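Student: Would you mind keeping the following structure in view while I ask a few things?
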Amino acid sequence: YGQCNFTEIILILPDRKRAITIGLGAFGLLAVSVIIYIYLVHTRSSPGQINIKPPSLRVVVYPVKREDITEHIIGYGTARALRTSNVTAQVAATVLYRDKVAYAGEEARKGQLLFRLDERDYHSKVIQLTKQVESIEAKIAQVKVDEDNYKRLIGIAEVQKRIAEDEYKRVAGLFERKLAPKRELDLADQALQQTLAVVQKYKFQLASAKIRERILQSSLSAAKCQLDIAKTNLERCSITAPFDGQIVKINADVGQMVAPGYILAVITDPSKIEVPVELPASMRFRIKLSADVEITPEVRQPGRWRGKVSRIDATIDPTTRTFRAFVLVDKPQQGIPLVPGAFVIANITGATHKSVIAIPRSVIRDDFVFVAKAGKAHKRKIEIKEFINERAIISKGLKPGEFVITSNMDVLYNGAPVTLQRVTSNH
């Protein structure tokens, strides 16, 4: 076939032989390729092994130790004066005088005059009733003189009656013995009856005098009561401060007509401030009477005051599930005054838990913590007794001297290498 190549040879072969030849050629080519691939795989050199160590995390740890933990309960409230009084008019009159301290913000002493009302009508009433009392007392005195006189007259009449009785008995004895006439007996009886009538007359007059005295005494009592009321009303024309305090509000001025019950002024006692503190119901049995309380302003303002829990609500509000503890701040002029109406934060000191293991509650993840030991983080299951503010008291799972990891909590895992960056005791 001379210079014919493989393709040309195939083309000149018969169809069957041509197909066999093509199949054998393809198979041979594939076999050669597989042999070359296997050779290359077995003769290639292995790449070097590089061991990459994970980086060590720099962590902050908290040392586990036994300590005393004091609970602090936080609540909010509005300061108010423990004693506030509405100074009211108790009589109807016109304001004639207003003192220079009778202005909002001024301080007043107990008994200091604030207003004076027109007292002329009440003064006249006092004079009228005084004269009435004196008149009744004079009548009572006259009646007592009459009583004494009637008593003397009765005594004289009683003597005359006994003489008349003796004379009648003497004449009656003579008459029985026929020694005295009937006329003499009748005259003796007549004289006796006259003396008896005189005695009865004076006794009746004495009894009438005593009745008049009782009536006059009753009138005197009523007049004296009216006089006392009149004097009280006269005194009520002078409006004074009921206690040492500060005037909050003034509602009257000179020339104004006021009626009984009208509020002339409002005065408050700033020496004792009370703060009703709203607290959740769960804290009801954690609050104790006389517990120390620190009061601070709700906003960033200067001021800090000390107080004590003076009383506690007996019930819990079923709607809000809260109750109130009342904090008494005695002598609130502790530096900066605590002003009624100020919204404040109350930090109430609760019970102290002695010698317990406590850690920051922020480091706990589903009852697990990470403990740094031998350069690694170890996941540790714990049992929590209770939470006290931002700390958790641990009953099982930690021992004093261990270190609980407090940072990098999002990337920690069991066995992670760690390096102690800082030991902190902040909680």
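Letters A, B, ... mark the chains of the structure tokens in the order given; residue numbers begin at 1 per chain; ligand numbers begin at 1, in order shown.
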Would you give me, as JSON lines, each residue of segment 376-412 of chain A having an atom within 12 Å of an atom of segment 72-85 of chain A, along with its shortest atom pair and that distance in Å to one decimal, using only C-alpha atoms and sorting by chain and residue number?

Tutor:
```
{"residue": "A:Phe387", "atom": "CA", "partner": "A:His72", "partner_atom": "CA", "distance": 11.5}
{"residue": "A:Ile388", "atom": "CA", "partner": "A:His72", "partner_atom": "CA", "distance": 7.9}
{"residue": "A:Asn389", "atom": "CA", "partner": "A:His72", "partner_atom": "CA", "distance": 6.8}
{"residue": "A:Glu390", "atom": "CA", "partner": "A:His72", "partner_atom": "CA", "distance": 9.9}
{"residue": "A:Arg391", "atom": "CA", "partner": "A:His72", "partner_atom": "CA", "distance": 11.1}
```

Student: Which of segment 274-391 of chain A counts as strand (DSSP E) under DSSP, as a ChimeraX atom specification please?

Tutor: /A:274-280,292-297,305-312,322-330,343-360,368-373,376-381,383-388,391

Student: May I have the selected residues written with C-alpha atoms, as a compact mmCIF listing (two decimals), in the first residue's frame?

Tutor:
```txt
# COMPACT_ATOMS: atom_id res chain seq x y z
CA GLU A 274 -41.60 59.38 103.14
CA VAL A 275 -41.04 57.48 99.90
CA PRO A 276 -43.62 54.81 98.92
CA VAL A 277 -41.47 52.38 96.89
CA GLU A 278 -43.15 50.14 94.32
CA LEU A 279 -41.73 46.60 94.34
CA PRO A 280 -42.64 43.31 92.63
CA ASP A 292 -31.45 50.37 105.70
CA VAL A 293 -32.26 52.18 102.46
CA GLU A 294 -30.16 54.41 100.23
CA ILE A 295 -32.14 57.01 98.24
CA THR A 296 -30.72 58.54 95.06
CA PRO A 297 -32.26 60.76 92.36
CA TRP A 305 -29.97 60.16 101.46
CA ARG A 306 -30.25 57.46 104.10
CA GLY A 307 -33.54 56.07 105.35
CA LYS A 308 -35.24 53.01 106.80
CA VAL A 309 -38.27 50.90 105.90
CA SER A 310 -40.95 52.15 108.31
CA ARG A 311 -43.93 50.08 107.15
CA ILE A 312 -44.98 47.62 104.45
CA THR A 322 -46.75 44.89 93.19
CA PHE A 323 -46.72 46.16 96.75
CA ARG A 324 -45.32 49.22 98.48
CA ALA A 325 -42.63 49.53 101.11
CA PHE A 326 -42.63 52.92 102.82
CA VAL A 327 -39.19 54.41 103.43
CA LEU A 328 -38.88 57.13 106.07
CA VAL A 329 -36.06 59.61 105.50
CA ASP A 330 -35.49 61.38 108.81
CA PHE A 343 -38.80 60.74 91.69
CA VAL A 344 -36.07 58.64 93.31
CA ILE A 345 -34.42 55.22 93.30
CA ALA A 346 -34.49 53.25 96.55
CA ASN A 347 -31.74 50.71 97.22
CA ILE A 348 -33.07 48.56 100.05
CA THR A 349 -30.58 46.39 101.95
CA GLY A 350 -31.84 42.84 102.17
CA ALA A 351 -30.61 39.69 103.87
CA THR A 352 -26.93 38.74 104.04
CA HIS A 353 -25.96 35.23 102.91
CA LYS A 354 -22.94 34.03 104.87
CA SER A 355 -19.97 32.14 103.39
CA VAL A 356 -21.44 31.23 100.01
CA ILE A 357 -19.96 30.72 96.56
CA ALA A 358 -21.31 33.34 94.21
CA ILE A 359 -20.42 34.18 90.62
CA PRO A 360 -21.68 36.76 88.09
CA PHE A 368 -22.96 25.55 82.58
CA VAL A 369 -19.89 27.70 83.06
CA PHE A 370 -16.37 27.58 81.65
CA VAL A 371 -13.55 27.06 84.12
CA ALA A 372 -9.94 27.93 83.19
CA LYS A 373 -7.63 25.10 84.19
CA LYS A 376 -7.75 25.22 78.71
CA ALA A 377 -11.43 26.04 79.07
CA HIS A 378 -13.43 23.27 80.70
CA LYS A 379 -17.20 23.21 80.48
CA ARG A 380 -18.62 22.62 83.96
CA LYS A 381 -22.22 21.88 85.00
CA GLU A 383 -26.38 23.85 90.41
CA ILE A 384 -27.81 27.27 91.20
CA LYS A 385 -29.36 27.82 94.64
CA GLU A 386 -30.75 31.29 93.90
CA PHE A 387 -30.03 34.55 92.14
CA ILE A 388 -29.13 37.59 94.23
CA ARG A 391 -24.96 37.20 91.08
```

Student: Looking only at helix (DSSP H, G or I) from DSSP on the backbone, list the matching residues of segment 166-305 of chain A as an MDAnalysis selection string.

Tutor: chainID A and resid 166:176 182:235 281:286

Student: Give me, as a PDB file with all heavy atoms, in the first residue's frame, all polymer residues having an atom no more than 12 Å from Ser135 of chain A, counting only C-alpha atoms and skipping those fewer than 4 positions away in the same chain.

Tutor:
```pdb
ATOM      1  N   GLN A 128     -71.811  89.800 124.385  1.00  0.00           N
ATOM      2  CA  GLN A 128     -73.228  89.544 124.643  1.00  0.00           C
ATOM      3  C   GLN A 128     -73.410  88.317 125.526  1.00  0.00           C
ATOM      4  O   GLN A 128     -74.166  88.352 126.515  1.00  0.00           O
ATOM      5  CB  GLN A 128     -73.959  89.357 123.314  1.00  0.00           C
ATOM      6  CG  GLN A 128     -75.434  88.996 123.475  1.00  0.00           C
ATOM      7  CD  GLN A 128     -76.081  88.639 122.145  1.00  0.00           C
ATOM      8  OE1 GLN A 128     -75.472  88.816 121.075  1.00  0.00           O
ATOM      9  NE2 GLN A 128     -77.304  88.142 122.198  1.00  0.00           N
ATOM     10  N   LEU A 129     -72.747  87.232 125.198  1.00  0.00           N
ATOM     11  CA  LEU A 129     -72.897  86.005 125.970  1.00  0.00           C
ATOM     12  C   LEU A 129     -72.248  86.130 127.337  1.00  0.00           C
ATOM     13  O   LEU A 129     -72.718  85.514 128.307  1.00  0.00           O
ATOM     14  CB  LEU A 129     -72.308  84.828 125.187  1.00  0.00           C
ATOM     15  CG  LEU A 129     -73.103  84.429 123.947  1.00  0.00           C
ATOM     16  CD1 LEU A 129     -72.325  83.424 123.111  1.00  0.00           C
ATOM     17  CD2 LEU A 129     -74.460  83.851 124.343  1.00  0.00           C
ATOM     18  N   THR A 130     -71.196  86.910 127.439  1.00  0.00           N
ATOM     19  CA  THR A 130     -70.583  87.134 128.754  1.00  0.00           C
ATOM     20  C   THR A 130     -71.571  87.827 129.682  1.00  0.00           C
ATOM     21  O   THR A 130     -71.717  87.451 130.868  1.00  0.00           O
ATOM     22  CB  THR A 130     -69.311  87.982 128.610  1.00  0.00           C
ATOM     23  OG1 THR A 130     -68.377  87.300 127.764  1.00  0.00           O
ATOM     24  CG2 THR A 130     -68.669  88.216 129.965  1.00  0.00           C
ATOM     25  N   LYS A 131     -72.276  88.871 129.172  1.00  0.00           N
ATOM     26  CA  LYS A 131     -73.277  89.568 129.966  1.00  0.00           C
ATOM     27  C   LYS A 131     -74.422  88.632 130.343  1.00  0.00           C
ATOM     28  O   LYS A 131     -74.967  88.680 131.461  1.00  0.00           O
ATOM     29  CB  LYS A 131     -73.828  90.762 129.187  1.00  0.00           C
ATOM     30  CG  LYS A 131     -72.803  91.843 128.900  1.00  0.00           C
ATOM     31  CD  LYS A 131     -72.264  92.462 130.183  1.00  0.00           C
ATOM     32  CE  LYS A 131     -71.278  93.592 129.880  1.00  0.00           C
ATOM     33  NZ  LYS A 131     -70.724  94.175 131.127  1.00  0.00           N
ATOM     34  N   LYS A 139     -78.819  85.924 139.097  1.00  0.00           N
ATOM     35  CA  LYS A 139     -80.119  85.361 139.459  1.00  0.00           C
ATOM     36  C   LYS A 139     -79.938  84.122 140.330  1.00  0.00           C
ATOM     37  O   LYS A 139     -80.699  83.914 141.285  1.00  0.00           O
ATOM     38  CB  LYS A 139     -80.905  85.010 138.205  1.00  0.00           C
ATOM     39  CG  LYS A 139     -81.372  86.240 137.418  1.00  0.00           C
ATOM     40  CD  LYS A 139     -82.114  85.821 136.164  1.00  0.00           C
ATOM     41  CE  LYS A 139     -82.589  87.051 135.375  1.00  0.00           C
ATOM     42  NZ  LYS A 139     -83.307  86.676 134.130  1.00  0.00           N
ATOM     43  N   ILE A 140     -78.960  83.336 139.991  1.00  0.00           N
ATOM     44  CA  ILE A 140     -78.702  82.139 140.798  1.00  0.00           C
ATOM     45  C   ILE A 140     -78.279  82.541 142.208  1.00  0.00           C
ATOM     46  O   ILE A 140     -78.713  81.942 143.211  1.00  0.00           O
ATOM     47  CB  ILE A 140     -77.625  81.268 140.129  1.00  0.00           C
ATOM     48  CG1 ILE A 140     -78.180  80.654 138.836  1.00  0.00           C
ATOM     49  CG2 ILE A 140     -77.147  80.172 141.065  1.00  0.00           C
ATOM     50  CD1 ILE A 140     -77.142  79.901 138.025  1.00  0.00           C
ATOM     51  N   ALA A 141     -77.478  83.570 142.302  1.00  0.00           N
ATOM     52  CA  ALA A 141     -77.056  84.052 143.626  1.00  0.00           C
ATOM     53  C   ALA A 141     -78.256  84.524 144.437  1.00  0.00           C
ATOM     54  O   ALA A 141     -78.353  84.259 145.655  1.00  0.00           O
ATOM     55  CB  ALA A 141     -76.036  85.174 143.465  1.00  0.00           C
ATOM     56  N   GLN A 142     -79.190  85.258 143.805  1.00  0.00           N
ATOM     57  CA  GLN A 142     -80.390  85.740 144.489  1.00  0.00           C
ATOM     58  C   GLN A 142     -81.246  84.565 144.952  1.00  0.00           C
ATOM     59  O   GLN A 142     -81.777  84.559 146.080  1.00  0.00           O
ATOM     60  CB  GLN A 142     -81.191  86.643 143.561  1.00  0.00           C
ATOM     61  CG  GLN A 142     -82.471  87.191 144.180  1.00  0.00           C
ATOM     62  CD  GLN A 142     -82.186  88.048 145.401  1.00  0.00           C
ATOM     63  OE1 GLN A 142     -81.375  88.969 145.351  1.00  0.00           O
ATOM     64  NE2 GLN A 142     -82.850  87.752 146.527  1.00  0.00           N
ATOM     65  N   LEU A 216     -82.058  77.848 136.321  1.00  0.00           N
ATOM     66  CA  LEU A 216     -81.025  78.854 136.053  1.00  0.00           C
ATOM     67  C   LEU A 216     -79.658  78.218 135.821  1.00  0.00           C
ATOM     68  O   LEU A 216     -78.879  78.676 134.975  1.00  0.00           O
ATOM     69  CB  LEU A 216     -80.966  79.849 137.225  1.00  0.00           C
ATOM     70  CG  LEU A 216     -82.161  80.799 137.351  1.00  0.00           C
ATOM     71  CD1 LEU A 216     -82.093  81.589 138.657  1.00  0.00           C
ATOM     72  CD2 LEU A 216     -82.208  81.751 136.153  1.00  0.00           C
ATOM     73  N   GLN A 217     -79.354  77.159 136.566  1.00  0.00           N
ATOM     74  CA  GLN A 217     -78.078  76.463 136.364  1.00  0.00           C
ATOM     75  C   GLN A 217     -78.003  75.852 134.960  1.00  0.00           C
ATOM     76  O   GLN A 217     -76.958  75.881 134.314  1.00  0.00           O
ATOM     77  CB  GLN A 217     -77.904  75.354 137.418  1.00  0.00           C
ATOM     78  CG  GLN A 217     -77.635  75.843 138.823  1.00  0.00           C
ATOM     79  CD  GLN A 217     -76.249  76.436 138.992  1.00  0.00           C
ATOM     80  OE1 GLN A 217     -75.433  76.479 138.055  1.00  0.00           O
ATOM     81  NE2 GLN A 217     -75.962  76.910 140.204  1.00  0.00           N
ATOM     82  N   SER A 219     -79.644  76.979 132.327  1.00  0.00           N
ATOM     83  CA  SER A 219     -79.472  78.108 131.406  1.00  0.00           C
ATOM     84  C   SER A 219     -78.039  78.619 131.441  1.00  0.00           C
ATOM     85  O   SER A 219     -77.474  78.996 130.405  1.00  0.00           O
ATOM     86  CB  SER A 219     -80.437  79.238 131.784  1.00  0.00           C
ATOM     87  OG  SER A 219     -81.780  78.816 131.690  1.00  0.00           O
ATOM     88  N   LEU A 220     -77.453  78.616 132.642  1.00  0.00           N
ATOM     89  CA  LEU A 220     -76.071  79.072 132.769  1.00  0.00           C
ATOM     90  C   LEU A 220     -75.128  78.145 131.994  1.00  0.00           C
ATOM     91  O   LEU A 220     -74.215  78.620 131.295  1.00  0.00           O
ATOM     92  CB  LEU A 220     -75.676  79.120 134.246  1.00  0.00           C
ATOM     93  CG  LEU A 220     -74.235  79.551 134.539  1.00  0.00           C
ATOM     94  CD1 LEU A 220     -74.003  80.979 134.058  1.00  0.00           C
ATOM     95  CD2 LEU A 220     -73.925  79.428 136.033  1.00  0.00           C
ATOM     96  N   ALA A 223     -75.530  78.868 128.326  1.00  0.00           N
ATOM     97  CA  ALA A 223     -74.913  80.154 127.984  1.00  0.00           C
ATOM     98  C   ALA A 223     -73.394  80.058 127.983  1.00  0.00           C
ATOM     99  O   ALA A 223     -72.719  80.640 127.124  1.00  0.00           O
ATOM    100  CB  ALA A 223     -75.380  81.224 128.967  1.00  0.00           C
ATOM    101  N   LYS A 224     -72.843  79.312 128.955  1.00  0.00           N
ATOM    102  CA  LYS A 224     -71.387  79.148 128.997  1.00  0.00           C
ATOM    103  C   LYS A 224     -70.888  78.376 127.777  1.00  0.00           C
ATOM    104  O   LYS A 224     -69.812  78.688 127.237  1.00  0.00           O
ATOM    105  CB  LYS A 224     -70.980  78.433 130.279  1.00  0.00           C
ATOM    106  CG  LYS A 224     -71.014  79.321 131.511  1.00  0.00           C
ATOM    107  CD  LYS A 224     -70.494  78.579 132.737  1.00  0.00           C
ATOM    108  CE  LYS A 224     -70.412  79.521 133.946  1.00  0.00           C
ATOM    109  NZ  LYS A 224     -69.908  78.810 135.145  1.00  0.00           N
TER     110      LYS A 224
END
```

Student: Please list as a list in words every residue within 10 Å of Thr424 of chain A, counting only C-alpha atoms and excluding residues in the same chain fewer than 3 positions away.

Tutor: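 The residues that qualify are Val60, Val61, Tyr62, Pro63, Phe403, Thr406, Gln421 and His427 of chain A.
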
Student: So the first atom is atom CA of Ala259 of chain A and the second is atom CA of Lys110 of chain A; what is the distance between them in Å, to one decimal place?

Tutor: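 Atom-to-atom, atom CA of Ala259 of chain A and atom CA of Lys110 of chain A are spaced 23.5 Å apart.
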
Student: Can you pull out the residues contacting Asp166 of chain A? Cut-off 12 Å, using only C-alpha atoms, and skip same-chain residues under 5 positions away; I want them as a list of chain:residue names.

Tutor: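 Near neighbours after the sequence-gap exclusion: A:Val159, A:Gln160, A:Lys161, A:Val171, A:Ala172, A:Gly173, A:Ala188, A:Asp189, A:Ala191, A:Leu192.
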
Student: What is the distance between atom CA of Met257 of chain A and atom CA of Gln112 of chain A, in Å to one decimal?

Tutor: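 Between these atoms lies a distance of 21.7 Å.
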
Student: Using only C-alpha atoms, can you tell me which of A:Ile38, A:Ala281, A:Asp253, A:Tyr413 comes closest to Pro318 of chain A?

Tutor: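 Nearest to Pro318 of chain A: A:Ala281.
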
Student: Do you know which residues are at most 12 Å from Arg109 of chain A counting only C-alpha atoms, after dropping those on the same chain fewer than 4 positions away, and could you put them as a tab-separated table (two decimals) with C-alpha atoms, in the first residue's frame?

Tutor:
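This is the output file out.tsv:
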```tsv
chain	number	residue	atom	x	y	z
A	101	VAL	CA	-44.47	84.75	105.56
A	102	ALA	CA	-47.80	83.74	104.01
A	113	LEU	CA	-49.78	84.11	112.47
A	114	LEU	CA	-50.57	83.68	108.77
A	240	THR	CA	-51.69	80.23	112.56
A	241	ALA	CA	-49.26	77.57	111.31
A	242	PRO	CA	-50.11	74.16	112.86
A	243	PHE	CA	-46.45	73.05	112.97
A	244	ASP	CA	-42.97	74.04	111.88
A	245	GLY	CA	-42.93	73.69	108.12
A	246	GLN	CA	-42.79	75.22	104.69
A	247	ILE	CA	-45.72	76.85	102.93
A	267	ILE	CA	-48.15	73.73	104.66
A	268	THR	CA	-45.81	70.74	104.74
A	269	ASP	CA	-43.25	69.45	107.21
```

Student: From the set A:Ser407, A:Ser290, A:Ser33, A:Ser208, which residue has the shortest atom-to-atom contact distance to Val143 of chain A, counting only C-alpha atoms?

Tutor: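 Comparing A:Ser407, A:Ser290, A:Ser33, A:Ser208 against Val143 of chain A, the winner is A:Ser208.
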
Student: Pick out the closest residue to Ile154 of chain A from this set: A:Leu179, A:Leu206, A:Ala392, A:Ile136. Count only C-alpha atoms.

Tutor: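 For Ile154 of chain A, the nearest of the given residues is A:Leu206.
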
Student: Given only C-alpha atoms as the basis, pick out the residue of A:Arg284, A:Lys399, A:Arg66, A:Arg236 nearest to Asp317 of chain A.

Tutor: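 Closest to Asp317 of chain A of all the choices is A:Arg284.
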